Amino acid sequence: MTPNLVYVVVIGVLFAAGVSMVLERSLTRVLMGMILLGNGVNLLILLGGKAGTPPIVGAGPEPEMADPLPQIMILTAIVITLGMTAFLLALAYRSWAMSGHDEVQDDVEDQRIMQLAERDEGSGTDDRDHHEAVR
Amino acid sequence: MNFLVPLPVVMPLFGAALTLMMAGRPRAQRTVSLTVLTATLLVSCALLYFSTTDAPLVVAVGGWSAPLGIVLIADQLAALMLVVSSAVTLCVLVYSIGQGMADGHEETPLSVYHPTYLVLTAGVTNAYLAGDLFNLYVGFEILLVASYVLLTIGGTENRIRAGSTYVVVSLLSSVIFLTAIGLIYGATGTLNLAQLVERLDALPDGLRLILQGMLLLAFGIKAAVFPLSSWLPDSYPTAPAPVTAVFAGLLTKVGVYAIIRTETLLFPGGRAAAVLLVLGLLTMVVGILGAVAQSDIKRLLSFTLVSHIGYLLFGVGLTTQLGLSSAIFYVVHHITIQTTLFLAAGLIEKRGGSTALDKLGGLARLSPVLAVLFLVPALNLAGIPPFSGFIGKLGLVQAGVADGGVLAWLLVGGGILTSLLTLYAVARVWNLAFWRTPPASVPAASRSLLPPLMVAPTMALVVFGVALTVVAGPLFEVGDQAASSLMERAYYVRAVFGGGAP
């Protein structure tokens with residue numbers, strides 16, 4: 001398909017909106033960002049193929065046929081996005097059920113090691129008494 | 001012998017369906033999974049034999065010939081990866097069965113575990129065999145979806161937290177990969193790897209570099225290359241031990257495999273070589289410094305996993321045959337050893353009740369078998385002669401010295417430093433967990449607390465890791481052969497199209 005300004009702008013907007021949503025902490029918003037990104041990619045793939053008449057042999061002159069491959073790839077990608085959406089929704093729901101919110105938390109162990117580093121202490125020293133005192 | 005090629009993908013998928021129907025009948029599930037994975041291992045060995053002694057085996061799926069149809073290709077590299085991966089998956093399956101029996105199925109709810117595990121295997125093998133970029137993407141998705149389920153199995157709060165990060169990061173890398181696929185199709189009108197060889201060469205240099213960069217970005221996230229690696233140590237350690245082990249062994253290596261494949265076949269000439277070398281150096285050094293700071297064995301091992309991905313990039317970035325064959329040898333070594341270490345960490349957790357270093361101690365006296373099972377792969381990872389880690393690192397250092405550039409020398413230095421720091425990190429684990437007086441939290445029962453079904457596969461992998469030294473000569477030869485056919489791109493194209501590309 002010849003590059004079409006409307007398509008290009010729409011893809012750009014979908015990507016930009018998707019990226020800004022993915023940067024949020026809440027899983028539900030991240031999910032929406034992923035859906036937007038997925039649709040942006042699908043449109044992008046569509047741009048890669050030739051537009052034209054339905055690609056069925058005998059239905060029209062062959063040189064005018066659309067390229068069916070991008071459409072097949074988009075179908076596959078849509079199915080995968082659907083499955084991922086369902087999984088992320090389940091994850092967000094489970095997170096909400098366990099902790100009352102669906103925000104992605106910082107890693108606990110990471111924070112502990114950061115604190116140790118700030119106090120300028122190593123982790124897991126040989127000296128047990130010293131270590132007990134630290135904890 | 002071409003009918004063998006789709007089997008490593010088809011059999012696990014079929015097994016997954018069977019085990020799903022057998023939900024609630026653990027004994028039948030176990031039999032099916034074990035049979036399927038054993039058969040996969042045997043088929044992979046056959047594929048390796050035929051692809052090294054003769055031409056690569058190619059199958060056009062559904063009889064639709066390339067480039068319109070999808071092809072599956074088992075060349076030396078793919079077959080070698082298949083053999084190691086299926087050996088590792090089989091051992092880990094036995095281990096998880098042992099753990100499931102010992103824990104009374106708490107850690108691994110078997111009705112979901114077996115089908116998902118087999119789907120994961122199918123995804124990995126599909127990614128290796130794919131002769132088509134979109135099929136590679138599908139392989140990645142299959143293995144990722146299965147890994148999401150395995151990582152969040154049980155749905156505890158900790159796993160949900162870690163799983164969210166992992167799922168979102170993986171999804172993002174998939175989106176980038178798919179975007180790259182869309183752009184490549186738009187630019188060339190094909191996704192068949194063999195056909196892309198010629199058509200990508202015809203593109204303007206700038207456009208090629210963008211496409212190469214996007215693929216590298218997508219694969220870099222999956223392979224946990226610094227600075228795209230921070231998701232890994234946060235998410236892997238929360239999963240059950242066998243799951244972490246199989247993830248550590250296989251998932252990042254599939255990313256590395258994709259990098260090797262695309263860098264040699266689609267984008268030769270080393271335009272990204274300098275970037276790969278710098279990233280390799282940073283991955284090695286930053287990763288191992290992270291490992292030194294950790295106080296939990298599983299997290300420490302996750303950081304060494306990230307760190308040693310740097311060695312693989314080193315080999316690929318040199319773009320010489322010796323570099324590439326050393327990298328291939330190193331992949332084989334690293335898959336085996338990293339999996340073994342995570343299995344040993346699972347045994348430590350079983351015996352000592354924890355993997356936190358400040359809660360462990362005296363395990364060498366309490367369980368000498370466990371001490372051997374940890375020490376041998378740990379020294380192997382650090383690259384102590386005569387183990388395979390030493391041979392792999394030696395090959396890389398030789399390749400780096402032969403290259404002679406400033407960056408190559410920097411990487412040689414960084415590689416040796418990383419190797420020493422790895423030794424320091426694993427020696428710290430050894431000192432703290434195995435040598436000092438056991439604290440009260442470690443159960444001191446005299447009889448062995450380790451289920452034999454968990455010890456046996458770990459031992460098998462330890463032996464396999466040591467055996468890599470024994471067969472290092474022939475293995476390096478296979479790697480060398482694989483590297484030379486990778487460098488000669490026409491070999492791959494000939495295998496798919498016979499004559500020239502249409």
# chains A, B, ... in the order shown; residues from 1 in each chain; ligands from 1
call {"tool": "residues_around", "arguments": {"residues": "B:Leu20", "least_positions_apart": "2", "cutoff": "9 Å", "atoms": "only C-alpha atoms", "output": "ChimeraX atom specification"}}
result
/B:15-18,22-23,29,111-112,114-116
call {"tool": "interface_residues", "arguments": {"of": "chain A", "to": "chain B", "cutoff": "9 Å", "atoms": "only C-alpha atoms", "output": "PyMOL selection string"}}
result
chain A and resi 1+22+27+30-31+34+37-38+40-42+44-49+69-70+73+76-77+80+83-84+87-88+91-92+94-95+98-99+103-107+109-110+113+117+122-126+128+131-132
call {"tool": "select_by_dssp", "arguments": {"residues": "stretch 40-132 of chain A", "states": "alpha helix (DSSP H)", "output": "compact mmCIF listing (two decimals) with C-alpha atoms, in the first residue's frame"}}
result
# COMPACT_ATOMS: atom_id res chain seq x y z
CA GLY A 40 -1.03 0.45 16.24
CA VAL A 41 1.21 -2.47 15.23
CA ASN A 42 -1.66 -4.15 13.39
CA LEU A 43 -2.29 -1.02 11.34
CA LEU A 44 1.44 -0.79 10.66
CA ILE A 45 1.51 -4.35 9.33
CA LEU A 46 -1.52 -3.57 7.16
CA LEU A 47 0.44 -0.70 5.60
CA PRO A 68 -3.33 -11.37 1.82
CA LEU A 69 -0.24 -12.07 3.96
CA PRO A 70 -0.38 -8.95 6.21
CA GLN A 71 -4.03 -9.65 6.90
CA ILE A 72 -3.24 -13.19 7.97
CA MET A 73 -0.48 -11.92 10.22
CA ILE A 74 -2.81 -9.34 11.74
CA LEU A 75 -5.39 -12.05 12.44
CA THR A 76 -2.75 -14.06 14.29
CA ALA A 77 -1.60 -10.97 16.17
CA ILE A 78 -5.19 -10.11 17.14
CA VAL A 79 -5.71 -13.59 18.58
CA ILE A 80 -2.47 -13.32 20.57
CA THR A 81 -3.40 -9.84 21.85
CA LEU A 82 -6.81 -11.14 22.90
CA GLY A 83 -5.25 -13.94 24.91
CA MET A 84 -2.77 -11.58 26.52
CA THR A 85 -5.53 -9.11 27.38
CA ALA A 86 -7.46 -11.86 29.13
CA PHE A 87 -4.36 -12.93 31.04
CA LEU A 88 -3.42 -9.39 32.10
CA LEU A 89 -7.02 -8.76 33.23
CA ALA A 90 -6.88 -11.92 35.34
CA LEU A 91 -3.54 -10.79 36.76
CA ALA A 92 -4.89 -7.33 37.60
CA TYR A 93 -7.98 -8.86 39.21
CA ARG A 94 -5.88 -11.28 41.25
CA SER A 95 -3.63 -8.43 42.34
CA TRP A 96 -6.70 -6.45 43.38
CA ALA A 97 -8.13 -9.44 45.26
CA MET A 98 -4.85 -10.06 47.10
CA SER A 99 -3.77 -6.55 47.96
CA VAL A 108 11.06 -6.02 48.19
CA GLU A 109 14.51 -7.58 48.09
CA ASP A 110 15.79 -4.73 45.90
CA GLN A 111 14.70 -2.18 48.48
CA ARG A 112 16.34 -4.15 51.28
CA ILE A 113 19.66 -4.23 49.44
CA MET A 114 19.35 -0.51 48.64
CA GLN A 115 18.93 0.19 52.35
CA LEU A 116 21.97 -1.94 53.15
CA ALA A 117 23.96 -0.04 50.54
CA GLU A 118 22.88 3.32 51.97
CA ARG A 128 26.45 -13.64 62.51
CA ASP A 129 26.20 -11.43 65.60
CA HIS A 130 26.94 -8.40 63.53
CA HIS A 131 24.30 -9.47 61.09
CA GLU A 132 21.69 -10.12 63.75
call {"tool": "residues_around", "arguments": {"residues": "B:Ala408", "least_positions_apart": "6", "cutoff": "12 Å", "atoms": "only C-alpha atoms", "output": "number ranges by chain"}}
result
B: 273-278, 280-281, 311, 313-320, 323, 396-402, 414-415
call {"tool": "residues_around", "arguments": {"residues": "B:Met454", "least_positions_apart": "2", "cutoff": "7 Å", "atoms": "only C-alpha atoms", "output": "PDB file with N, CA and C atoms, in the first residue's frame"}}
result
ATOM      1  N   TYR B  95      12.699 -33.625  37.951  1.00  0.00           N
ATOM      2  CA  TYR B  95      12.913 -32.903  39.214  1.00  0.00           C
ATOM      3  C   TYR B  95      11.596 -32.371  39.760  1.00  0.00           C
ATOM      4  N   GLY B  98       9.518 -35.056  41.166  1.00  0.00           N
ATOM      5  CA  GLY B  98      10.031 -35.401  42.488  1.00  0.00           C
ATOM      6  C   GLY B  98       9.591 -34.409  43.540  1.00  0.00           C
ATOM      7  N   GLN B  99       9.688 -33.116  43.184  1.00  0.00           N
ATOM      8  CA  GLN B  99       9.302 -32.089  44.143  1.00  0.00           C
ATOM      9  C   GLN B  99       7.794 -32.133  44.412  1.00  0.00           C
ATOM     10  N   PRO B 451      14.412 -35.722  48.499  1.00  0.00           N
ATOM     11  CA  PRO B 451      13.764 -36.781  47.734  1.00  0.00           C
ATOM     12  C   PRO B 451      14.682 -37.241  46.605  1.00  0.00           C
ATOM     13  N   PRO B 452      14.837 -38.562  46.417  1.00  0.00           N
ATOM     14  CA  PRO B 452      15.750 -39.069  45.396  1.00  0.00           C
ATOM     15  C   PRO B 452      15.392 -38.587  43.988  1.00  0.00           C
ATOM     16  N   ALA B 456      18.345 -37.086  41.730  1.00  0.00           N
ATOM     17  CA  ALA B 456      18.820 -37.796  40.543  1.00  0.00           C
ATOM     18  C   ALA B 456      18.940 -36.892  39.310  1.00  0.00           C
ATOM     19  N   PRO B 457      17.896 -36.118  38.937  1.00  0.00           N
ATOM     20  CA  PRO B 457      18.064 -35.272  37.746  1.00  0.00           C
ATOM     21  C   PRO B 457      19.125 -34.200  37.924  1.00  0.00           C
ATOM     22  N   THR B 458      19.253 -33.661  39.157  1.00  0.00           N
ATOM     23  CA  THR B 458      20.304 -32.671  39.388  1.00  0.00           C
ATOM     24  C   THR B 458      21.660 -33.309  39.159  1.00  0.00           C
TER      25      THR B 458
END
call {"tool": "atom_distance", "arguments": {"atom1": "atom CA of B:Glu488", "atom2": "atom CA of B:Pro268"}}
result
9.9 Å
call {"tool": "closest_residue", "arguments": {"among": "B:Ala130, B:Leu341, B:Leu211, B:Ala223", "to": "B:Ala245", "atoms": "only C-alpha atoms"}}
result
B:Leu341
call {"tool": "residues_around", "arguments": {"residues": "B:Leu486", "least_positions_apart": "4", "cutoff": "7 Å", "atoms": "only C-alpha atoms", "output": "PyMOL selection string"}}
result
chain B and resi 264-265+482
